[in-house]
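**Student:** Data file work11.cif (mmCIF, C-alpha atoms) is appended below.
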```
data_my_file
#
loop_
_atom_site.group_PDB
_atom_site.id
_atom_site.type_symbol
_atom_site.label_atom_id
_atom_site.label_comp_id
_atom_site.auth_asym_id
_atom_site.auth_seq_id
_atom_site.Cartn_x
_atom_site.Cartn_y
_atom_site.Cartn_z
ATOM 1 C CA MET Z 27 -18.131 -34.026 35.729
ATOM 2 C CA ASN Z 28 -21.458 -35.803 35.618
ATOM 3 C CA TYR Z 29 -22.812 -34.554 32.288
ATOM 4 C CA VAL Z 30 -26.424 -35.459 33.134
ATOM 5 C CA ILE Z 31 -26.426 -33.336 36.293
ATOM 6 C CA GLU Z 32 -24.611 -30.529 34.468
ATOM 7 C CA TYR Z 33 -27.181 -30.657 31.651
ATOM 8 C CA GLN Z 34 -30.021 -30.445 34.176
ATOM 9 C CA LYS Z 35 -28.402 -27.467 35.919
ATOM 10 C CA GLN Z 36 -27.502 -25.535 32.776
ATOM 11 C CA LEU Z 37 -30.930 -25.933 31.213
ATOM 12 C CA GLY Z 38 -32.886 -25.750 34.465
ATOM 13 C CA LEU Z 39 -34.725 -29.001 33.795
ATOM 14 C CA PHE Z 40 -35.681 -32.088 35.696
ATOM 15 C CA PHE Z 41 -36.757 -35.406 34.202
ATOM 16 C CA ASP Z 42 -37.327 -39.078 34.890
ATOM 17 C CA SER Z 43 -34.037 -40.805 33.983
ATOM 18 C CA LYS Z 44 -35.944 -43.958 33.049
ATOM 19 C CA LYS Z 45 -37.906 -42.070 30.387
ATOM 20 C CA TYR Z 46 -35.209 -39.644 29.155
ATOM 21 C CA GLN Z 47 -31.474 -39.889 28.493
ATOM 22 C CA VAL Z 48 -28.782 -37.387 27.585
ATOM 23 C CA HIS Z 49 -27.289 -38.180 24.168
ATOM 24 C CA HIS Z 50 -23.826 -37.092 22.934
ATOM 25 C CA ILE Z 51 -24.468 -35.690 19.450
ATOM 26 C CA ASP Z 52 -20.922 -36.275 18.168
ATOM 27 C CA MET Z 53 -20.826 -39.728 19.815
ATOM 28 C CA ASN Z 54 -17.823 -38.646 21.915
ATOM 29 C CA ARG Z 55 -18.700 -39.303 25.567
ATOM 30 C CA GLU Z 56 -15.751 -37.116 26.602
ATOM 31 C CA ASN Z 57 -17.272 -34.055 24.887
ATOM 32 C CA ASN Z 58 -19.675 -32.763 27.522
ATOM 33 C CA GLU Z 59 -20.178 -29.276 26.107
ATOM 34 C CA ILE Z 60 -23.841 -28.332 26.388
ATOM 35 C CA VAL Z 61 -24.088 -27.912 22.588
ATOM 36 C CA ASN Z 62 -23.021 -31.566 22.204
ATOM 37 C CA LEU Z 63 -25.692 -32.884 24.561
ATOM 38 C CA VAL Z 64 -29.389 -33.344 23.956
ATOM 39 C CA LEU Z 65 -32.081 -34.819 26.177
ATOM 40 C CA VAL Z 66 -34.194 -37.392 24.326
ATOM 41 C CA PRO Z 67 -36.717 -40.070 25.220
ATOM 42 C CA THR Z 68 -35.038 -43.350 26.159
ATOM 43 C CA LEU Z 69 -36.955 -45.193 23.421
ATOM 44 C CA LEU Z 70 -35.696 -42.771 20.767
ATOM 45 C CA HIS Z 71 -32.149 -42.985 22.120
ATOM 46 C CA GLN Z 72 -32.255 -46.779 21.918
ATOM 47 C CA LYS Z 73 -33.768 -46.690 18.434
ATOM 48 C CA PHE Z 74 -31.161 -44.226 17.193
ATOM 49 C CA HIS Z 75 -28.289 -46.366 18.431
ATOM 50 C CA SER Z 76 -29.852 -49.624 17.210
ATOM 51 C CA VAL Z 77 -30.274 -48.449 13.595
ATOM 52 C CA GLY Z 78 -26.812 -46.974 13.407
ATOM 53 C CA MET Z 79 -25.304 -43.823 14.705
ATOM 54 C CA PHE Z 80 -25.012 -40.963 12.246
ATOM 55 C CA ILE Z 81 -21.409 -41.315 11.200
ATOM 56 C CA PRO Z 82 -21.129 -39.702 7.740
ATOM 57 C CA GLU Z 83 -18.348 -41.968 6.446
ATOM 58 C CA LYS Z 84 -20.496 -44.987 7.358
ATOM 59 C CA ILE Z 85 -23.483 -43.746 5.355
ATOM 60 C CA PRO Z 86 -22.885 -43.729 1.585
ATOM 61 C CA ASP Z 87 -24.286 -41.002 -0.612
ATOM 62 C CA PHE Z 88 -27.255 -42.940 -1.920
ATOM 63 C CA PHE Z 89 -30.201 -40.703 -1.078
ATOM 64 C CA SER Z 90 -30.494 -39.418 -4.638
ATOM 65 C CA LYS Z 91 -30.847 -42.993 -5.926
ATOM 66 C CA ASP Z 92 -33.971 -45.097 -6.287
ATOM 67 C CA LEU Z 93 -34.666 -46.573 -2.848
ATOM 68 C CA ASN Z 94 -36.995 -49.202 -4.336
ATOM 69 C CA ASN Z 95 -33.897 -50.969 -5.649
ATOM 70 C CA CYS Z 96 -31.529 -51.217 -2.687
ATOM 71 C CA SER Z 97 -29.089 -53.625 -4.314
ATOM 72 C CA HIS Z 98 -26.579 -50.790 -4.838
ATOM 73 C CA ILE Z 99 -26.256 -50.047 -1.116
ATOM 74 C CA PRO Z 100 -25.239 -52.108 1.909
ATOM 75 C CA TYR Z 101 -28.423 -51.201 3.834
ATOM 76 C CA SER Z 102 -32.011 -52.341 3.374
ATOM 77 C CA LYS Z 103 -34.807 -49.948 2.493
ATOM 78 C CA ASP Z 104 -36.366 -50.564 5.936
ATOM 79 C CA TRP Z 105 -33.063 -49.718 7.659
ATOM 80 C CA ILE Z 106 -32.808 -46.466 5.677
ATOM 81 C CA ILE Z 107 -36.367 -45.484 6.629
ATOM 82 C CA ASP Z 108 -35.776 -46.347 10.306
ATOM 83 C CA PHE Z 109 -32.495 -44.459 10.319
ATOM 84 C CA MET Z 110 -33.917 -41.332 8.672
ATOM 85 C CA THR Z 111 -36.945 -41.353 10.981
ATOM 86 C CA ALA Z 112 -34.763 -41.643 14.090
ATOM 87 C CA LYS Z 113 -32.425 -38.935 12.778
ATOM 88 C CA GLU Z 114 -35.314 -36.544 12.064
ATOM 89 C CA ASP Z 115 -36.826 -37.195 15.495
ATOM 90 C CA MET Z 116 -33.430 -36.532 17.131
ATOM 91 C CA LEU Z 117 -33.185 -33.241 15.223
ATOM 92 C CA CYS Z 118 -36.548 -32.168 16.676
ATOM 93 C CA PHE Z 119 -35.147 -32.633 20.181
ATOM 94 C CA ILE Z 120 -31.986 -30.721 19.238
ATOM 95 C CA ASP Z 121 -34.183 -27.847 18.021
ATOM 96 C CA LEU Z 122 -36.145 -28.010 21.276
ATOM 97 C CA ARG Z 123 -32.889 -27.884 23.263
ATOM 98 C CA ASN Z 124 -31.687 -24.883 21.226
ATOM 99 C CA ASN Z 125 -34.956 -23.052 21.845
ATOM 100 C CA LEU Z 126 -34.717 -23.785 25.584
ATOM 101 C CA ILE Z 127 -31.142 -22.454 25.686
ATOM 102 C CA LYS Z 128 -32.228 -19.259 23.876
ATOM 103 C CA ASN Z 129 -35.263 -18.932 26.180
ATOM 104 C CA ILE Z 130 -37.568 -18.975 23.157
ATOM 105 C CA ILE Z 131 -39.616 -21.658 24.898
ATOM 106 C CA PRO Z 132 -40.493 -20.945 28.536
ATOM 107 C CA LYS Z 133 -39.251 -23.590 30.951
ATOM 108 C CA ASN Z 134 -42.011 -22.827 33.443
ATOM 109 C CA ASP Z 135 -41.329 -25.242 36.311
ATOM 110 C CA GLY Z 136 -38.537 -27.088 34.420
ATOM 111 C CA ASP Z 137 -40.513 -30.316 33.982
ATOM 112 C CA PHE Z 138 -39.126 -31.702 30.712
ATOM 113 C CA GLU Z 139 -42.060 -34.093 30.337
ATOM 114 C CA LYS Z 140 -44.519 -31.179 30.227
ATOM 115 C CA ILE Z 141 -42.291 -29.258 27.800
ATOM 116 C CA VAL Z 142 -42.171 -32.210 25.392
ATOM 117 C CA GLN Z 143 -45.922 -32.770 25.699
ATOM 118 C CA TYR Z 144 -46.548 -29.131 24.803
ATOM 119 C CA CYS Z 145 -43.834 -28.525 22.168
ATOM 120 C CA LEU Z 146 -43.536 -31.955 20.521
ATOM 121 C CA PRO Z 147 -46.886 -33.674 21.122
ATOM 122 C CA THR Z 148 -46.534 -36.122 18.216
ATOM 123 C CA LEU Z 149 -43.113 -37.271 19.396
ATOM 124 C CA TRP Z 150 -44.334 -37.378 23.008
ATOM 125 C CA ASN Z 151 -47.139 -39.724 21.876
ATOM 126 C CA LYS Z 152 -44.672 -41.810 19.890
ATOM 127 C CA TYR Z 153 -41.940 -42.221 22.512
ATOM 128 C CA CYS Z 154 -43.080 -41.100 25.958
ATOM 129 C CA GLN Z 155 -46.569 -42.353 26.676
ATOM 130 C CA GLU Z 156 -46.681 -45.357 28.945
#
```
Can the structure in the file be given as structure tokens, please?

**Tutor:**
Amino acid sequence: MNYVIEYQKQLGLFFDSKKYQVHHIDMNRENNEIVNLVLVPTLLHQKFHSVGMFIPEKIPDFFSKDLNNCSHIPYSKDWIIDFMTAKEDMLCFIDLRNNLIKNIIPKNDGDFEKIVQYCLPTLWNKYCQE
């Protein structure tokens, strides 16, 4: 099964595959259940994978500690900020996907670009503008 085509069909969307990619939330490319897939801007997808995929055992429990002194953790303060920003941005697209599945957000003509522009304008400006 081509998970990208299946995602498009199940959600009734179309998109430019150069600007958007389907991400496997659990990092398992064999798990093509719709709840494990989310469509995100290519730039966000690349950023998320470059700063480290969210694998809980890889990320120590340091968020309650002082991030100004990063000597107690194996990651720099900048890495933590980049990681948390990418994670939060990914969660916005997961919420958007959930609202599309539940028909809370109208799909109109199915143009994902227009949906992102309307529903997530800040993230559209950040990742999608040419």

**Student:** When the PyMOL selection byres ((chain Z and resi 131) around 12) is applied to the file above, which residues end up in the set, as number ranges by chain?

**Tutor:** Z: 37, 121-130, 132-134, 136, 138, 140-142, 144-146

**Student:** Using the chain letters and numbers from the file, which residues does the PyMOL selection byres ((chain Z and resi 33) around 10) grab, as a count of residues only?

**Tutor:** 20

**Student:** Would you please work out which residue, of Z:Leu117, Z:Met110, Z:Trp150, Z:His50, is nearest to Asn62 of chain Z when using all atoms listed in the file?

**Tutor:**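 Once distances to Asn62 of chain Z are computed over all atoms listed in the file, the minimum belongs to Z:His50.
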
**Student:** List the spatial neighbours of segment 66-69 of chain Z as a compact mmCIF listing (two decimals) with C-alpha atoms, in the coordinates of the input - criterion: any atom at most 10 Å away, all atoms listed in the file, same-chain residues fewer than 6 positions off excluded.

**Tutor:**
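Below is the file that was written, selection30.txt:
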```txt
# COMPACT_ATOMS: atom_id res chain seq x y z
CA ASP Z 42 -37.33 -39.08 34.89
CA SER Z 43 -34.04 -40.80 33.98
CA LYS Z 44 -35.94 -43.96 33.05
CA LYS Z 45 -37.91 -42.07 30.39
CA TYR Z 46 -35.21 -39.64 29.16
CA GLN Z 47 -31.47 -39.89 28.49
CA VAL Z 48 -28.78 -37.39 27.58
CA HIS Z 49 -27.29 -38.18 24.17
CA ASP Z 115 -36.83 -37.20 15.50
CA MET Z 116 -33.43 -36.53 17.13
CA CYS Z 118 -36.55 -32.17 16.68
CA PHE Z 119 -35.15 -32.63 20.18
CA ILE Z 120 -31.99 -30.72 19.24
CA ARG Z 123 -32.89 -27.88 23.26
CA PHE Z 138 -39.13 -31.70 30.71
CA GLU Z 139 -42.06 -34.09 30.34
CA VAL Z 142 -42.17 -32.21 25.39
CA LEU Z 149 -43.11 -37.27 19.40
CA TRP Z 150 -44.33 -37.38 23.01
CA LYS Z 152 -44.67 -41.81 19.89
CA TYR Z 153 -41.94 -42.22 22.51
CA CYS Z 154 -43.08 -41.10 25.96
```

**Student:** Which distance in Å separates atom CA of Ile106 of chain Z and atom CA of Ile51 of chain Z, to one decimal?

**Tutor:** 19.4 Å

**Student:** May I have the centre and edge lengths, in Å to one decimal, of an axis-aligned box around the listed atoms of segment 43-46 of chain Z with 6 Å added to every side, as lines of an AutoDock Vina configuration file?

**Tutor:**
```
center_x = -36.0
center_y = -41.8
center_z = 31.6
size_x = 15.9
size_y = 16.3
size_z = 16.8
```

**Student:** To one decimal place in Å, what is the distance between atom CA of His71 of chain Z and atom CA of Asp137 of chain Z?

**Tutor:**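 Pair atom CA of His71 of chain Z / atom CA of Asp137 of chain Z returns 19.3 Å.
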
**Student:** Considering only C-alpha atoms, can you say which of Z:Asp108, Z:Lys103, Z:Arg55, Z:Asp135 comes closest to Leu70 of chain Z?

**Tutor:**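 With only C-alpha atoms as the atom set, the closest residue is Z:Asp108.
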